[in-house]
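A short write-up of the structure that comes next.
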Number of protein chains: 4
Amino acid sequence: MCRWLAYSGTPIPLADLLYRPAHSLIDQSRHSRLGVETTNGDGCGVGWYPDLAPEHADGPPEPAVFRDIGPAWSDRNLRELSRCVRSPLFFAHIRASTGSPVQQSNCHPFRYGRWLWMHNGSIGGFAQLKRDLAVAVDPSLYPSIEGSTDSELMFYLALTFGLEQDPPTAVERMIGTVEAVGERHGVPNPVQMTVAASDGENMWAFRYSTEHASRSLFYSTAVRALRQMHPEMEVLQRVSDETRIVVSEPLGDLAGAWNEVPESTYGIVRQGHDEMQPLTPKRG
Amino acid sequence: MCRWLAYSGTPIPLADLLYRPAHSLIDQSRHSRLGVETTNGDGCGVGWYPDLAPEHADGPPEPAVFRDIGPAWSDRNLRELSRCVRSPLFFAHIRASTGSPVQQSNCHPFRYGRWLWMHNGSIGGFAQLKRDLAVAVDPSLYPSIEGSTDSELMFYLALTFGLEQDPPTAVERMIGTVEAVGERHGVPNPVQMTVAASDGENMWAFRYSTEHASRSLFYSTAVRALRQMHPEMEVLQRVSDETRIVVSEPLGDLAGAWNEVPESTYGIVRQGHDEMQPLTPKRG
Amino acid sequence: MCRWLAYSGTPIPLADLLYRPAHSLIDQSRHSRLGVETTNGDGCGVGWYPDLAPEHADGPPEPAVFRDIGPAWSDRNLRELSRCVRSPLFFAHIRASTGSPVQQSNCHPFRYGRWLWMHNGSIGGFAQLKRDLAVAVDPSLYPSIEGSTDSELMFYLALTFGLEQDPPTAVERMIGTVEAVGERHGVPNPVQMTVAASDGENMWAFRYSTEHASRSLFYSTAVRALRQMHPEMEVLQRVSDETRIVVSEPLGDLAGAWNEVPESTYGIVRQGHDEMQPLTPKRG
Amino acid sequence: MCRWLAYSGTPIPLADLLYRPAHSLIDQSRHSRLGVETTNGDGCGVGWYPDLAPEHADGPPEPAVFRDIGPAWSDRNLRELSRCVRSPLFFAHIRASTGSPVQQSNCHPFRYGRWLWMHNGSIGGFAQLKRDLAVAVDPSLYPSIEGSTDSELMFYLALTFGLEQDPPTAVERMIGTVEAVGERHGVPNPVQMTVAASDGENMWAFRYSTEHASRSLFYSTAVRALRQMHPEMEVLQRVSDETRIVVSEPLGDLAGAWNEVPESTYGIVRQGHDEMQPLTPKRG
């Protein structure tokens with residue numbers, strides 16, 4: 001499986017979350033505590049939306065993506081980038097392959113236009129289901145698929161079902177489709193996923209598995225509340241109230257900082273009030 | 001486009017053809033004379049059938065494949081391998097991508113069971129045709145597709161149409177299918193190919209393009225004849241009469257050594273009499 | 001040999017020079033016109049000083065470096081980076097190895113503290129001279145050498161001789177040292193170089209070879225003059241008068257845009273008046 | 001640190017030891033039990049002497065080396081090679097870097113002429129000692145150093161001190177030199193090592209550390225004795241009495257199969273009687 005991290009808030013250098021925390025994502029690449037594997041060494045990637053001064057910005061821009069096939073812990077380019085690139089919204093991912101080749105086109109995050117997508121988990125019996133799922137992708141989107149993972153196919157199914165218009169419904173239909181195809185092929189519990197998606201303005205996080213035993217997913221406590229709990233933490237003065245982190249596993253042991261996303265739930269991180277809602281697969 | 005080389009005959013170290021000749025495949029990786037590009041630096045690969053002593057051999061074995069994403073000219077592992085591995089039947093390929101990612105799963109040769117396949121050329125308008133072609137692959141074969149190239153898809157279409165039973169007919173039906181799909185999408189001249197395929201005993205080479213202006217392809221003169229023409233060449237004493245090389249472009253300037261494979265033609269290299277036959281696309 | 005590009009001026013995305021021009025550095029990676037080899041496919045790299053808003057800047061910061069072992073023309077991470085990173089001072093380099101391994105630590109630019117360095121050319125008879133040159137590096141600097149190239153060793157020799165205090169003199173002493181060591185070992189014409197160096201504020205470019213037949217080096221015409229020559233070029237309105245580019249070979253055919261750096265000469269690009277001076281090796 | 005395996009005996013496919021055993025070297029790359037790190041994911045390598053039929057053999061040949069920068073567990077080329085290459089004497093190594101870059105030239109085994117060398121451990125305070133150690137290498141050998149590791153430098157020091165003539169003495173002098181240089185720089189306990197070396201006929205294994213707390217090292221029980229203990233194990237019928245394996249940690253839990261090499265000891269594996277001797281650093 002994999003580990004990931006999604007950030008939205010005051011622009012910061014990526015390294016502040018990827019390298020600095022005690023149990024940072026880079027630390028998790030060798031010593032994951034809550035993952036299926038302790039090692040996540042089959043590639044890594046970051047996707048970020050530029051931190052543009054207002055005079056350069058006309059609408060949310062296409063994000064940049066850096067993906068590499070080596071383990072994150074020894075990736076010097078990732079370290080350089082993370083130190084020098086500041087972003088108000090970024091994704092980071094470390095991969096533990098469940099079988100598909102270790103190659104850049106199989107590394108997360110995936111990008112389509114303004115959208116980023118990353119995934120932890122798998123589609124059960126993927127070899128059996130793959131063709132039916134690929135055929136369900138909109139023919140106009142099909143040629144853009146570059147890799148061979150279940151994760152990327154889930155992205156293109158969600159795009160097929162309207163990710164750009166209504167992300168929660170599109171993901172619910174994607175799940176429903178995978179479950180229907182799984183049923184047809186006699187594959188039990190085909191969906192296992194935590195997913196993050198963004199269009200550069202909002203960020204969605206999804207936690208779901210057919211068997212209702214999903215991979216771990218956590219979100220950070222509201223900054224305003226954290227400041228009261230930890231007045232000694234100077235960093236909390238520097239980030240805005242809107243700042244939010246979603247992670248496969250907590251980045252440290254700060255009391256009160258991390259909250260589990262419930263089973264079969266999705267959350268929206270956006271300007272104003274964030275919220276969580278139940279996630280219900282939709283057939284058809 | 002790409003360059004390739006296929007060898008069948010007396011077991012030799014791969015390096016004898018990949019590195020030693022004046023205009024070896026490694027030289028062609030930087031200085032191709034007849035290719036569309038002079039540089040073929042987007043990965044490389046070799047596939048070889050083991051040179052087994054009779055006591056180890058029970059039937060032709062699965063070939064081994066080495067593929068790497070760096071240019072052949074600086075690939076130290078390829079050089080080591082080529083020096084130390086002897087084989088009676090091997091393929092070598094240097095890639096010039098026409099757009100799909102530079103990754104091992106897109107490098108040639110491709111393998112399925114006992115079969116090797118490599119390709120120079122492209123499918124015109126591949127982005128448009130890809131989905132229809134993928135759907136035409138037998139569902140039981142579909143999950144084995146690992147990369148994203150037109151070349152690998154041509155292989156799986158040929159397998160779908162019976163490559164393992166009757167290679168020429170399978171390739172003719174593959175071509176016919178690509179042309180039919182191309183027609184449906186209004187893509188002119190969709191097929192451009194030289195292809196080599198082998199099951200470990202025989203070797204087939206195909207030259208074809210819809211527009212009848214195919215990439216170059218050459219075969220070596222029969223060893224028996226070459227020996228008479230060049231009694232001074234000691235190497236010709238050491239290889240059997242059955243030895244044959246097929247290449248995208250000649251490995252040197254030895255007079256009389258290389259012969260062009262005609263347009264729309266395939267050849268069989270096998271124990272006994274090799275032969276060439278016309279290649280005719282088959283619809284349906 | 002190699003090709004390189006150094007930019008100082010109005011902050012721009014790296015891609016504006018690496019990808020956009022007709023004969024961009026990426027184009028030169030496959031089709032160099034003035035290089036020893038047409039192909040520069042043995043790795044690539046960029047180094048850039050961050051474009052910091054005044055409130056973030058306290059003194060010129062350490063530059064970031066991205067280096068990769070694949071050819072520049074197919075490097076997706078380089079393309080992403082170049083599109084999204086803006087910088088007022090950056091270096092870019094494409095490598096053609098003269099023998100040392102293709103690995104990140106042999107890719108340019110090299111960095112030491114605030115300094116960047118890149119090189120085109122070679123030290124003649126390097127295998128013979130290498131040990132004496134390594135021993136001449138200051139022992140406190142020696143452990144920072146990471147790769148195995150002549151280029152990096154020239155950097156550390158220049159650092160040893162005071163690059164951080166007086167770059168031209170340090171480079172002249174570096175050259176003198178290499179020539180003295182070459183003489184001792186009977187190696188004729190040991191130095192062949194064009195070099196760029198920067199501390200984040202100023203940029204130096206050096207052209208020199210013992211035999212006075214140095215690799216090509218060009219600098220862009222002053223923006224103020226170019227604007228008068230080409231009032232139709234809108235881009236020239238957007239960059240400051242201080243903007244300057246130094247390149248191994250011109251990025252296009254714009255009349256009057258490119259001027260050759262004379263033999264045995266170095267130039268300084270800085271706030272205010274740029275200038276060129278003769279470069280004279282210094283022994284001892 | 002790292003893990004390694006050295007084999008001498010009846011020619012076998014490398015995969016029989018690298019992939020098949022319950023706790024194979026590939027398994028150790030993710031789940032080392034006795035190493036400093038559980039993960040050994042910073043590159044891998046194999047070196048093998050060809051299994052030549054007598055008619056091809058004139059003296060022990062130069063070994064072949066395959067080295068790659070990705071983790072062993074996902075290395076498809078390593079898997080292919082290991083399946084298809086048979087050898088009577090081979091080394092395999094998985095790396096956990098202690099700081100030097102992940103690049104092929106830093107992967108083990110290292111080769112010089114007919115010699116292979118690999119290492120687990122480190123030189124303490126290497127950055128401080130590196131220059132003095134490099135200067136101690138014979139000037140004629142110095143240019144052959146390609147990487148930046150302590151391990152390769154130990155190899156070249158051993159070569160300097162006569163590895164090709166008298167391996168134990170050369171290694172004792174290498175250790176003595178490192179300890180003397182360490183003393184001079186105030187570095188305590190500079191040597192930590194298990195090392196394997198071979199000339200293609202014999203194999204030497206060394207276990208030593210200045211502090212007498214060396215990394216683990218095991219050798220396999222004599223085949224003749226193992227056959228009596230485990231008459232049910234059919235594989236033992238197929239390998240010769242001379243067959244021996246030396247490993248950083250046991251490949252499985254077969255009772256009686258593995259014996260620890262004592263502290264400060266080296267062993268010779270050769271035709272006839274293998275033996276172990278004390279290892280004593282030699283100054284000067």
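Simple scheme: letters A, B, ... for chains in structure tokens order, numbers from 1 for residues in each chain, numbers from 1 for ligands in the order shown.
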
Handout entry: Near-D:Val36 list (9 Å; only C-alpha atoms; drop same-chain fewer than 2 positions) as a ChimeraX atom specification
Key = /D:1-2,32-34,38-39,215

Limited to C-alpha atoms, could you put the picked residues into a file as a compact mmCIF listing (two decimals), in the first residue's frame?
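Saved result, selection.txt, follows:
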# COMPACT_ATOMS: atom_id res chain seq x y z
CA MET D 1 24.50 -1.03 6.53
CA CYS D 2 24.05 -3.81 4.05
CA SER D 32 16.48 -7.90 7.53
CA ARG D 33 16.53 -9.47 11.01
CA LEU D 34 20.11 -8.95 12.09
CA THR D 38 15.50 -3.63 8.46
CA THR D 39 15.44 -2.02 5.02
CA ARG D 215 28.32 -7.14 12.06

With only C-alpha atoms counted and 10 Å as the cut-off, give the residues of chain B in contact with chain C, each with its shortest interatomic distance in Å and the pair that gives it, as a Markdown table.
| residue | atom | partner | partner_atom | distance |
| --- | --- | --- | --- | --- |
| B:Arg30 | CA | C:Thr39 | CA | 7.2 |
| B:His31 | CA | C:Thr39 | CA | 9.2 |
| B:Glu37 | CA | C:Arg30 | CA | 9.5 |
| B:Thr38 | CA | C:Arg30 | CA | 8.9 |
| B:Thr39 | CA | C:Arg30 | CA | 7.2 |
| B:Gly41 | CA | C:Gly41 | CA | 7.6 |
| B:Asp42 | CA | C:Ser74 | CA | 7.7 |
| B:Gly43 | CA | C:Gly70 | CA | 9.6 |
| B:Ile69 | CA | C:Gly70 | CA | 8.0 |
| B:Gly70 | CA | C:Gly70 | CA | 6.1 |
| B:Pro71 | CA | C:Gly41 | CA | 7.8 |
| B:Trp73 | CA | C:Asp42 | CA | 9.4 |
| B:Ser74 | CA | C:Val102 | CA | 7.2 |
| B:Asp75 | CA | C:Val102 | CA | 8.8 |
| B:Arg76 | CA | C:Pro101 | CA | 9.0 |
| B:Ser97 | CA | C:Ser74 | CA | 8.9 |
| B:Gly99 | CA | C:Ser74 | CA | 9.1 |
| B:Ser100 | CA | C:Ser74 | CA | 9.9 |
| B:Pro101 | CA | C:Ser74 | CA | 8.0 |
| B:Val102 | CA | C:Ser74 | CA | 7.2 |

Problem - Per-residue DSSP, stretch 43-135 of chain C, filtered to helix (DSSP H, G or I), as a PyMOL selection string - result: chain C and resi 72-74+76-84+104-106+126-135

Practice task
Compile the contact shell of C:Pro50 as JSON, numbers by chain: residues with an atom at most 10 Å away, counting only C-alpha atoms, same-chain residues fewer than 3 positions apart removed.
Solution key: {"A": [84, 85], "C": [11, 47, 53, 57, 60, 61, 62, 63, 64, 85, 86, 87, 88, 89, 90, 200]}

Practice task
Compile the contact shell of D:Val269 as an MDAnalysis selection string: residues with an atom at most 10 Å away, counting only C-alpha atoms, same-chain residues fewer than 4 positions apart removed.
Solution key: chainID D and resid 7:9 198 201:205 242:246 273:276

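A straight line drawn from atom CA of D:Ser144 to atom CA of B:Arg67 is 27.4 Å long.
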
Problem - Surrounding residues of B:Glu260 excluding itself and chain neighbours under 6 positions, 9 Å, only C-alpha atoms, as an NGL selection string - result: :B and (216-220)

Preceding selection exported with all heavy atoms as a PDB file, in the first residue's frame:
ATOM      1  N   SER B 216      13.373   0.552 -43.012  1.00  0.00           N
ATOM      2  CA  SER B 216      14.351  -0.361 -43.604  1.00  0.00           C
ATOM      3  C   SER B 216      14.475  -1.667 -42.814  1.00  0.00           C
ATOM      4  O   SER B 216      14.285  -1.694 -41.604  1.00  0.00           O
ATOM      5  CB  SER B 216      15.712   0.338 -43.661  1.00  0.00           C
ATOM      6  OG  SER B 216      16.129   0.699 -42.360  1.00  0.00           O
ATOM      7  N   LEU B 217      14.789  -2.763 -43.531  1.00  0.00           N
ATOM      8  CA  LEU B 217      15.008  -4.059 -42.886  1.00  0.00           C
ATOM      9  C   LEU B 217      15.922  -4.904 -43.779  1.00  0.00           C
ATOM     10  O   LEU B 217      15.725  -4.979 -44.992  1.00  0.00           O
ATOM     11  CB  LEU B 217      13.676  -4.782 -42.648  1.00  0.00           C
ATOM     12  CG  LEU B 217      13.761  -6.018 -41.741  1.00  0.00           C
ATOM     13  CD1 LEU B 217      14.201  -5.635 -40.334  1.00  0.00           C
ATOM     14  CD2 LEU B 217      12.420  -6.733 -41.678  1.00  0.00           C
ATOM     15  N   PHE B 218      16.927  -5.516 -43.152  1.00  0.00           N
ATOM     16  CA  PHE B 218      17.919  -6.270 -43.900  1.00  0.00           C
ATOM     17  C   PHE B 218      18.154  -7.639 -43.262  1.00  0.00           C
ATOM     18  O   PHE B 218      18.014  -7.796 -42.052  1.00  0.00           O
ATOM     19  CB  PHE B 218      19.262  -5.507 -43.935  1.00  0.00           C
ATOM     20  CG  PHE B 218      19.190  -4.200 -44.655  1.00  0.00           C
ATOM     21  CD1 PHE B 218      18.726  -3.052 -44.002  1.00  0.00           C
ATOM     22  CD2 PHE B 218      19.564  -4.103 -45.990  1.00  0.00           C
ATOM     23  CE1 PHE B 218      18.642  -1.833 -44.686  1.00  0.00           C
ATOM     24  CE2 PHE B 218      19.488  -2.890 -46.669  1.00  0.00           C
ATOM     25  CZ  PHE B 218      19.027  -1.755 -46.020  1.00  0.00           C
ATOM     26  N   TYR B 219      18.526  -8.602 -44.115  1.00  0.00           N
ATOM     27  CA  TYR B 219      18.921  -9.917 -43.588  1.00  0.00           C
ATOM     28  C   TYR B 219      20.298 -10.258 -44.135  1.00  0.00           C
ATOM     29  O   TYR B 219      20.685  -9.815 -45.218  1.00  0.00           O
ATOM     30  CB  TYR B 219      17.880 -10.992 -43.926  1.00  0.00           C
ATOM     31  CG  TYR B 219      17.711 -11.263 -45.392  1.00  0.00           C
ATOM     32  CD1 TYR B 219      18.372 -12.320 -46.005  1.00  0.00           C
ATOM     33  CD2 TYR B 219      16.883 -10.461 -46.182  1.00  0.00           C
ATOM     34  CE1 TYR B 219      18.221 -12.572 -47.373  1.00  0.00           C
ATOM     35  CE2 TYR B 219      16.722 -10.701 -47.543  1.00  0.00           C
ATOM     36  CZ  TYR B 219      17.390 -11.749 -48.133  1.00  0.00           C
ATOM     37  OH  TYR B 219      17.251 -11.981 -49.472  1.00  0.00           O
ATOM     38  N   SER B 220      20.990 -11.051 -43.365  1.00  0.00           N
ATOM     39  CA  SER B 220      22.356 -11.398 -43.751  1.00  0.00           C
ATOM     40  C   SER B 220      22.335 -12.499 -44.819  1.00  0.00           C
ATOM     41  O   SER B 220      21.461 -13.365 -44.827  1.00  0.00           O
ATOM     42  CB  SER B 220      23.135 -11.863 -42.527  1.00  0.00           C
ATOM     43  OG  SER B 220      22.514 -12.997 -41.962  1.00  0.00           O
TER      44      SER B 220
END

Handout entry: Residue neighbourhood stretch 166-169 of chain A, 9 Å, only C-alpha atoms, exclusion window fewer than 5 positions, as a PyMOL selection string
Key = chain A and resi 158-159+161+174+197+204+206+266+279-282

For those residues, write all heavy atoms to a file as a compact mmCIF listing (two decimals), in the first residue's frame.
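Contents of the output file selection02.txt:
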# COMPACT_ATOMS: atom_id res chain seq x y z
N ALA A 158 -13.54 8.19 -12.10
CA ALA A 158 -14.15 9.33 -11.42
C ALA A 158 -14.32 10.51 -12.38
O ALA A 158 -15.35 11.18 -12.38
CB ALA A 158 -13.31 9.73 -10.21
N LEU A 159 -13.30 10.73 -13.23
CA LEU A 159 -13.43 11.80 -14.23
C LEU A 159 -14.59 11.51 -15.19
O LEU A 159 -15.37 12.39 -15.57
CB LEU A 159 -12.13 11.94 -15.03
CG LEU A 159 -10.97 12.62 -14.29
CD1 LEU A 159 -9.64 12.33 -14.97
CD2 LEU A 159 -11.20 14.14 -14.21
N PHE A 161 -17.23 9.96 -14.49
CA PHE A 161 -18.51 10.15 -13.80
C PHE A 161 -18.69 11.57 -13.26
O PHE A 161 -19.52 11.80 -12.38
CB PHE A 161 -18.65 9.13 -12.68
CG PHE A 161 -18.69 7.71 -13.18
CD1 PHE A 161 -17.87 6.72 -12.61
CD2 PHE A 161 -19.52 7.34 -14.23
CE1 PHE A 161 -17.90 5.42 -13.09
CE2 PHE A 161 -19.55 6.03 -14.71
CZ PHE A 161 -18.73 5.07 -14.14
N MET A 174 -17.89 5.92 -9.09
CA MET A 174 -16.69 5.12 -9.39
C MET A 174 -16.66 3.88 -8.49
O MET A 174 -16.49 2.76 -8.96
CB MET A 174 -15.43 5.98 -9.18
CG MET A 174 -14.13 5.24 -9.36
SD MET A 174 -13.53 4.44 -7.83
CE MET A 174 -12.88 5.86 -6.93
N ALA A 197 -8.27 14.33 -3.69
CA ALA A 197 -8.44 14.96 -5.01
C ALA A 197 -8.53 16.47 -4.80
O ALA A 197 -8.96 16.94 -3.75
CB ALA A 197 -9.70 14.44 -5.69
N TRP A 204 -10.67 17.36 -1.57
CA TRP A 204 -11.56 16.34 -1.06
C TRP A 204 -10.75 15.12 -0.59
O TRP A 204 -9.77 14.75 -1.23
CB TRP A 204 -12.52 15.87 -2.15
CG TRP A 204 -13.54 16.88 -2.57
CD1 TRP A 204 -14.83 16.99 -2.13
CD2 TRP A 204 -13.36 17.96 -3.50
NE1 TRP A 204 -15.47 18.05 -2.74
CE2 TRP A 204 -14.59 18.66 -3.59
CE3 TRP A 204 -12.28 18.40 -4.28
CZ2 TRP A 204 -14.77 19.77 -4.41
CZ3 TRP A 204 -12.46 19.51 -5.10
CH2 TRP A 204 -13.69 20.18 -5.15
N PHE A 206 -11.35 11.05 0.74
CA PHE A 206 -12.33 9.97 0.79
C PHE A 206 -11.75 8.76 1.52
O PHE A 206 -10.61 8.38 1.28
CB PHE A 206 -12.70 9.54 -0.64
CG PHE A 206 -13.22 10.65 -1.50
CD1 PHE A 206 -12.35 11.47 -2.22
CD2 PHE A 206 -14.58 10.90 -1.58
CE1 PHE A 206 -12.82 12.50 -3.03
CE2 PHE A 206 -15.07 11.93 -2.39
CZ PHE A 206 -14.18 12.74 -3.10
N TYR A 266 -16.41 11.18 3.50
CA TYR A 266 -15.50 12.08 2.79
C TYR A 266 -15.54 13.44 3.45
O TYR A 266 -16.51 13.78 4.14
CB TYR A 266 -15.86 12.17 1.30
CG TYR A 266 -17.10 12.96 0.98
CD1 TYR A 266 -17.04 14.34 0.77
CD2 TYR A 266 -18.34 12.34 0.87
CE1 TYR A 266 -18.19 15.08 0.46
CE2 TYR A 266 -19.49 13.05 0.57
CZ TYR A 266 -19.41 14.42 0.37
OH TYR A 266 -20.54 15.13 0.10
N LEU A 279 -20.20 8.61 2.80
CA LEU A 279 -19.87 8.25 1.42
C LEU A 279 -20.61 6.96 1.08
O LEU A 279 -20.42 5.94 1.74
CB LEU A 279 -18.35 8.03 1.32
CG LEU A 279 -17.73 7.79 -0.04
CD1 LEU A 279 -17.80 9.05 -0.89
CD2 LEU A 279 -16.27 7.37 0.12
N THR A 280 -21.46 7.00 0.06
CA THR A 280 -22.31 5.85 -0.26
C THR A 280 -22.15 5.47 -1.72
O THR A 280 -22.46 6.27 -2.60
CB THR A 280 -23.79 6.23 -0.03
OG1 THR A 280 -23.90 6.90 1.22
CG2 THR A 280 -24.66 4.98 -0.02
N PRO A 281 -21.66 4.26 -1.98
CA PRO A 281 -21.47 3.83 -3.36
C PRO A 281 -22.77 3.98 -4.16
O PRO A 281 -23.85 3.73 -3.64
CB PRO A 281 -21.11 2.34 -3.22
CG PRO A 281 -20.64 2.18 -1.82
CD PRO A 281 -21.32 3.22 -1.01
N LYS A 282 -22.59 4.38 -5.41
CA LYS A 282 -23.76 4.53 -6.29
C LYS A 282 -23.59 3.63 -7.51
O LYS A 282 -22.65 3.78 -8.26
CB LYS A 282 -23.88 5.98 -6.77
CG LYS A 282 -24.47 6.93 -5.75
CD LYS A 282 -24.97 8.21 -6.41
CE LYS A 282 -25.68 9.10 -5.41
NZ LYS A 282 -24.90 9.36 -4.18

Problem - Test item: residues at most 10 Å from A:Val135, only C-alpha atoms, excluding those fewer than 4 positions along its chain, as a PyMOL selection string - result: (chain A and resi 130-131+139+142+157) or (chain B and resi 131-132+134-135)

Go ahead and write the residues just picked, N, CA, C and O atoms, as a short mmCIF file (atom, residue, chain, number, x, y, z; two decimals), in the first residue's frame.
data_model
loop_
_atom_site.label_atom_id
_atom_site.label_comp_id
_atom_site.auth_asym_id
_atom_site.auth_seq_id
_atom_site.Cartn_x
_atom_site.Cartn_y
_atom_site.Cartn_z
N LYS A 130 -9.66 -5.45 -14.55
CA LYS A 130 -9.06 -4.30 -15.23
C LYS A 130 -9.70 -3.97 -16.57
O LYS A 130 -9.99 -2.81 -16.86
N ARG A 131 -9.92 -4.98 -17.38
CA ARG A 131 -10.44 -4.70 -18.73
C ARG A 131 -11.82 -4.06 -18.66
O ARG A 131 -12.08 -3.05 -19.32
N PRO A 139 -14.38 7.17 -23.65
CA PRO A 139 -13.41 7.02 -24.75
C PRO A 139 -12.56 8.26 -24.99
O PRO A 139 -11.41 8.13 -25.41
N TYR A 142 -9.82 8.00 -22.34
CA TYR A 142 -9.01 6.78 -22.36
C TYR A 142 -7.55 6.99 -22.79
O TYR A 142 -6.63 6.50 -22.13
N LEU A 157 -12.03 6.78 -13.99
CA LEU A 157 -13.46 6.46 -13.81
C LEU A 157 -14.16 7.63 -13.13
O LEU A 157 -15.26 8.02 -13.52
N ARG B 131 -7.99 2.77 -27.81
CA ARG B 131 -9.04 2.10 -27.06
C ARG B 131 -9.66 0.95 -27.86
O ARG B 131 -9.81 -0.16 -27.35
N ASP B 132 -9.98 1.21 -29.11
CA ASP B 132 -10.57 0.16 -29.93
C ASP B 132 -9.62 -1.02 -30.08
O ASP B 132 -10.06 -2.18 -30.10
N ALA B 134 -7.27 -1.90 -27.90
CA ALA B 134 -7.18 -2.59 -26.61
C ALA B 134 -8.39 -3.49 -26.40
O ALA B 134 -8.26 -4.61 -25.88
N VAL B 135 -9.54 -3.01 -26.82
CA VAL B 135 -10.76 -3.81 -26.65
C VAL B 135 -10.71 -5.06 -27.53
O VAL B 135 -11.30 -6.09 -27.20
#
